[in-house]
Amino acid sequence: MSAWESVIGLEIHAQLSTRSKIFSGAATAYGASPNAQANLVDLGYPGVLPVLNAEAVRMAVKLGLAINARIAPHSVFARKNYFYPDLPKGYQISQYELPIVARGALDIELEDGSIKTIGITRAHLEEDAGKSLHEGLPGVTGIDLNRAGTPLVEIVSEPDLRSAKQAVAYMKKVHTLVRYLEICDGNMQEGSFRCDANVSVRPAGTQKFGTRAEIKNLNSFRYIERAINFEIERQIGLIESGGKVVQETRLYDPDKDETRSMRSKEEANDYRYFPDPDLLPVVLEEKFIESVRASLPELPDQRCARFASQYALSAYDAQVLTASRELADYYESVVRELPQEPKLAANWVMGDLAAALNRENLEVTGGKMPAARLAGLLRRISDQTISGKIAKDVFAAMWSDGASADAVIEQQGLRQITDAAAIERVIDEVLAKNPAQLADYRAGKDKLFGFFVGQVMKASGGKANPAQLNELLLRKLK
Amino acid sequence: MSDLHTGTLTQLAASLRARKFSSVELVTALLARIERAQGTLNTFISVTREPALAAAAAADRALAAGSAGALTGVPIAHKDIFCTRGVRTTCGSRMLENFVSPYDATVVAKLGAAGAVMLGKTNMDEFAMGSSNENSYFGPVRNPWNPELVPGGSSGGSAAAVAARLIPGATGTDTGGSIRQPAALCGITGLKPTYGRVSRYGMIAFASSLDQAGVLAASAADAALMLREMAGFDANDSTSVDAPVPDYVAALEQPLAGLKIGLLQEFFEQGLEQENEQRVREALQVYERLGAKLRVVSLPNLPLSVPVYYVVAPAECSSNLARFDGVRFGHRCENPRDLTDLYRRSRGEGFGAEVKRRIMTGTYVLSAGYYDAYYLKAQRVRQLISADFTRAFQDVDVLMGPTTPTPAFAIGAKTADPITMYLNDIYTIGANLAGLPAVSIPCGFVRELPVGLQIVGPHFGEARILGAAHALQRATDWHTRIPAGYA
């Protein structure tokens with residue numbers, strides 16, 4: 001038991017997947033050439049005004065309802081004032097005192113299997129800034145404002161997390177949720193989903209919070225875990241060697257695996273928040289909120305519970321299969337084709353299919369192995385046309401040339417032999433060829449049973465039905 | 001054709017439609033007047049001669065084809081705060097000395113669609129901050145009634161140009177009196193509509209919650225005609241109001257009998273010059289003769305308008321003007337050493353003294369530790385002032401009082417002391433804080449200088465205050481007086 005307890009809170013920034021920006025009609029698609037998707041509003045031209053994107057509001061409300069939060073009937077956009085070249089107006093439009101979503105919660109599962117509820121202080125809407133570019137621009141800084149004005153929802157947790165692992169579990173939970181809700185594509189590499197982590201330590205068993213450091217812009221689960229662990233160790237080391245943690249903003253450097261000070265509290269901006277006079281308060285009527293509630297999809301936790309009961313899956317299987325909406329949808333498509341085999345479907349989706357997708361870094365929705373095609377394979381296992389073992393080869397063939405299971409089975413003559421007479425013929429041949437082993441077996445060397453199974457299977461080209469083979473072989477050897 | 005300039009906007013529109021003269025003739029005549037007066041009055045920052053003549057020729061073709069709009073061929077000018085595509089928009093500042101907007105402000109587009117021909121962009125206090133037009137990077141505007149005096153501000157160029165009959169109508173903006181005060185000091189009609197009545201899109205922001213576009217013209221009838229074409233909801237401005245636009249021209253002729261006029265007691269108490277008061281009271285007597293009922297009304301929180309305004313407006317301005325950072329447009333200093341140097345010098349060189357004063361004041365009142373004491377408290381008092389007006393309008397139809405405490409003052413007289421200058425807006429700021437429509441009309445002279453009567457209406461009461469103004473202008477001829485030398 002460590003003498004120190006770490007206290008962590010996350011501020012997650014999820015980019016909302018609206019087609020246009022939060023306050024302008026410019027497109028939000030990723031990857032356009034610099035400034036091709038920045039219009040006069042995004043550029044902060046003199047005289048332009050923001051107009052709120054209703055879809056962004058709907059998405060924030062969806063999130064709020066999904067975390068059982070209070071949806072503010074009246075929320076206000078505020079200006080966060082600071083100078084930076086990629087912040088065109090000299091202020092960011094955000095929400096400050098009156099956010100659209102407040103007081104929600106999410107459950108995470110701890111390593112010991114227990115459930116912990118993480119409080120969510122608030123979630124508010126804001127616009128993203130642009131990007132400063134340095135690469136390939138010697139001596140100057142480039143500004144790309146394509147991202148400026150992209151809608152974000154910032155989800156602020158309570159300091160309820162106690163380890164880097166918990167932080168990652170929580171972050172993953174939110175990641176799954178926003179993708180279920182279809183409000184964020186969750187693409188961490190492109191920065192669509194990222195977080196700042198507030199980390200402090202205190203002597204185990206005490207209540208008072210330690211001084212915290214904020215680690216900015218973590219955009220992978222691995223980095224979050226490593227950055228937080230580094231920061232915890234750094235702070236403990238500092239205190240144990242007689243030093244003091246100072247409140248500051250730090251950056252994580254993945255190459256060196258360390259956090260570095262960016263600015264201290266004294267250097268922090270005074271953002272001079274005040275309500276944005278260009279935007280009216282967002283007033284949401286109960287009817288609207290209820291219509292959004294009615295449009296909510298089945299949420300990850302609900303779906304997980306349903307999978308476990310409806311398909312008689314283990315809690316673990318249900319959790320893995322519902323980790324993303326796409327995977328869960330895929331699984332259910334397979335099961336719809338083959339309702340009698342939910343467990344078989346689970347094993348294949350989580351096993352061979354997941355491994356193949358992983359190997360080639362593909363998404364389940366990519367179309368490489370449509371659910372109906374996988375179901376075609378499982379049907380042949382289920383009706384004993386092929387054995388599970390042969391199925392692996394069939395799967396590999398289907399994967400590489402996109403054929404159906406039946407075509408592969410036909411083409412390669414892999415149909416399982418279930419004709420008892422045919423299997424008996426093979427057994428007789430094998431026994432005839434191996435008189436010494438047969439004698440040994442009969443003399444009491446039971447272990448040789450496996451040898452005979454292997455030989456018969458080999459002689460049948462792997463096609464003999466294993467259960468039948470066992471049964472017939474036993475009988476013959478008696 | 002030498003007297004074309006004396007026609008009012010309403011008359012000119014009618015004459016053009018009747019083909020009594022062409023738009024090209026009219027525009028040519030006015031361009032000549034503008035250029036002749038420029039050296040003395042300095043009312044324009046840009047004169048757009050060639051595009052104006054081309055637009056006039058197009059207007060003449062439309063008039064000949066019978067496809068004319070309400071203002072087809074009528075010359076107007078825009079305060080240089082409205083963005084105009086292809087024509088530089090300076091906002092009276094060195095910061096935007098060479099800024100050419102890639103788009104038209106909604107007001108510019110709407111008046112253009114109605115057929116109006118823009119002759120140029122008028123001078124103004126830098127970023128609309130000022131009450132004398134002495135804060136323009138392009139030099140002060142002079143008052144046509146006496147070139148030693150200020151025309152008022154910040155829409156001083158528009159006011160002086162209309163007063164000198166260089167242009168029959170011009171746009172302006174009013175954040176704390178910037179249309180009504182120069183209208184009063186120049187002897188013309190200046191209308192600030194209800195907040196949200198006219199789109200702010202493309203109007204360079206000073207204080208967003210107070211700014212409102214309006215009209216400077218020779219008469220209430222002209223203001224009504226221009227407002228009808230400018231007003232209306234704009235999807236690009238979330239604070240514009242989606243309410244139908246009445247025909248303000250048709251509504252001008254309303255019976256005055258029984259109109260309940262509230263005299264703003266507080267306006268007759270603070271620093272009002274006696275002769276100024278006399279002219280206002282004489283105008284009120286005319287209203288009584290016309291059948292209106294007068295009563296004194298008190299708005300106890302109104303005297304707090306100036307301090308409230310000088311917290312709220314600078315706070316918003318400090319944020320609104322942050323975009324002028326030398327990065328994307330506007331003035332950029334030579335050879336910046338680093339980013340901070342770029343910001344410091346670009347802004348230091350680009351902004352004038354009054355703008356810097358307000359940015360600093362605004363930054364201060366929004367700072368951590370001061371926000372509650374200043375900004376928040378000012379917003380609360382603002383609500384009290386609004387409530388005072390709402391209460392008053394339960395009993396009266398319109399409120400009346402002076403527009404300014406004194407007639408026009410000398411150039412340089414108040415520049416040393418910003419507070420004295422700020423107090424010039426003491427009667428006009430209330431309508432901005434409450435978002436109410438208000439109009440200033442000429443009501444007589446003091447020392448041969450015009451004096452303004454202010455009429456404030458309830459929200460969306462433009463037709464009512466224009467009707468009341470029109471009634472006085474039918475009974476008197478103050479609005480037809482033209483400064484000597486410009487007749």
# chains A, B, ... in the order shown; residues from 1 in each chain; ligands from 1
>>> interface_residues(of="chain B", to="chain A", cutoff="7 Å", atoms="only C-alpha atoms", output="PyMOL selection string")
chain B and resi 201-205+208-209+236-239+319+322-323+327+366-368
>>> residues_around(residues="Asn219 in chain A", least_positions_apart="3", cutoff="8 Å", atoms="only C-alpha atoms", output="ChimeraX atom specification")
/A:188-189,191,193-195,223-224
>>> write_last_selection(atoms="N, CA and C atoms", output="JSON list (two decimals), in the first residue's frame")
[["chain", "number", "residue", "atom", "x", "y", "z"],
["A", 188, "MET", "N", -8.71, 9.96, -32.25],
["A", 188, "MET", "CA", -7.75, 10.62, -31.37],
["A", 188, "MET", "C", -6.52, 11.12, -32.12],
["A", 189, "GLN", "N", -6.18, 10.42, -33.19],
["A", 189, "GLN", "CA", -5.02, 10.83, -33.97],
["A", 189, "GLN", "C", -5.25, 12.20, -34.60],
["A", 191, "GLY", "N", -7.15, 14.37, -33.38],
["A", 191, "GLY", "CA", -7.45, 15.34, -32.32],
["A", 191, "GLY", "C", -8.92, 15.52, -32.04],
["A", 193, "PHE", "N", -10.71, 13.75, -30.24],
["A", 193, "PHE", "CA", -11.01, 13.33, -28.87],
["A", 193, "PHE", "C", -9.70, 13.41, -28.10],
["A", 194, "ARG", "N", -9.63, 14.31, -27.13],
["A", 194, "ARG", "CA", -8.38, 14.53, -26.42],
["A", 194, "ARG", "C", -8.71, 15.00, -25.01],
["A", 195, "CYS", "N", -7.72, 15.03, -24.14],
["A", 195, "CYS", "CA", -8.05, 15.49, -22.79],
["A", 195, "CYS", "C", -6.89, 16.21, -22.12],
["A", 223, "TYR", "N", -0.73, 7.49, -23.89],
["A", 223, "TYR", "CA", -0.08, 8.70, -23.37],
["A", 223, "TYR", "C", -0.72, 9.16, -22.06],
["A", 224, "ILE", "N", -2.03, 9.04, -21.99],
["A", 224, "ILE", "CA", -2.72, 9.48, -20.78],
["A", 224, "ILE", "C", -2.18, 8.69, -19.59]]
>>> atom_distance(atom1="CA of Glu326 in chain A", atom2="CA of Glu360 in chain A")
17.5 Å
>>> atom_distance(atom1="CA of Ile167 in chain B", atom2="CA of Arg228 in chain B")
18.6 Å
>>> residues_around(residues="range 242-253 of chain B", least_positions_apart="3", cutoff="6 Å", atoms="only C-alpha atoms", output="VMD selection string")
chain B and resid 224 to 225 233 463 467
>>> select_by_dssp(residues="range 187-421 of chain A", states="strand (DSSP E)", output="PDB file with C-alpha atoms, in the first residue's frame")
ATOM      1  CA  PHE A 193     -11.008  13.327 -28.869  1.00  0.00           C
ATOM      2  CA  ARG A 194      -8.378  14.526 -26.417  1.00  0.00           C
ATOM      3  CA  CYS A 195      -8.051  15.493 -22.790  1.00  0.00           C
ATOM      4  CA  ASP A 196      -6.281  17.578 -20.181  1.00  0.00           C
ATOM      5  CA  ALA A 197      -5.539  15.807 -16.913  1.00  0.00           C
ATOM      6  CA  ASN A 198      -5.471  17.513 -13.526  1.00  0.00           C
ATOM      7  CA  VAL A 199      -3.210  15.510 -11.261  1.00  0.00           C
ATOM      8  CA  SER A 200      -2.363  15.907  -7.586  1.00  0.00           C
ATOM      9  CA  VAL A 201      -1.215  13.624  -4.782  1.00  0.00           C
ATOM     10  CA  ARG A 202      -1.971  13.566  -1.064  1.00  0.00           C
ATOM     11  CA  PRO A 203      -0.997  11.344   1.850  1.00  0.00           C
ATOM     12  CA  ALA A 213      -0.681  20.272 -12.137  1.00  0.00           C
ATOM     13  CA  GLU A 214      -2.610  20.268 -15.383  1.00  0.00           C
ATOM     14  CA  ILE A 215      -1.214  18.152 -18.217  1.00  0.00           C
ATOM     15  CA  LYS A 216      -2.399  19.527 -21.528  1.00  0.00           C
ATOM     16  CA  ASN A 217      -3.524  17.896 -24.747  1.00  0.00           C
ATOM     17  CA  LEU A 218      -3.229  14.153 -24.260  1.00  0.00           C
ATOM     18  CA  GLU A 248       1.164  24.928 -13.245  1.00  0.00           C
ATOM     19  CA  THR A 249       0.359  23.731 -16.714  1.00  0.00           C
ATOM     20  CA  ARG A 250       2.585  20.949 -18.053  1.00  0.00           C
ATOM     21  CA  LEU A 251       3.060  19.278 -21.401  1.00  0.00           C
ATOM     22  CA  TYR A 252       3.676  15.576 -21.930  1.00  0.00           C
ATOM     23  CA  ASP A 253       6.512  14.658 -24.261  1.00  0.00           C
ATOM     24  CA  GLU A 258       8.016  12.949 -19.254  1.00  0.00           C
ATOM     25  CA  THR A 259       5.964  16.033 -18.476  1.00  0.00           C
ATOM     26  CA  ARG A 260       7.521  19.479 -18.683  1.00  0.00           C
ATOM     27  CA  SER A 261       6.406  22.804 -17.260  1.00  0.00           C
ATOM     28  CA  MET A 262       4.656  25.042 -19.787  1.00  0.00           C
ATOM     29  CA  ARG A 263       3.568  27.953 -17.616  1.00  0.00           C
ATOM     30  CA  SER A 264       3.099  28.603 -13.918  1.00  0.00           C
ATOM     31  CA  PHE A 274     -17.951  37.784 -19.849  1.00  0.00           C
ATOM     32  CA  PRO A 275     -21.205  36.858 -21.609  1.00  0.00           C
ATOM     33  CA  VAL A 282     -29.578  29.251 -25.327  1.00  0.00           C
ATOM     34  CA  VAL A 283     -33.106  28.567 -24.114  1.00  0.00           C
TER      35      VAL A 283
END
>>> closest_residue(among="B:Leu272, B:Leu376, B:Val456, B:Val27", to="Leu423 in chain B", atoms="only C-alpha atoms")
B:Leu272
>>> closest_residue(among="B:Ala37, B:Ala54, B:Ile359, B:Ile441", to="Pro144 in chain B", atoms="only C-alpha atoms")
B:Ala37
>>> residues_around(residues="range 400-409 of chain A", least_positions_apart="5", cutoff="10 Å", atoms="only C-alpha atoms", output="count of residues only")
22
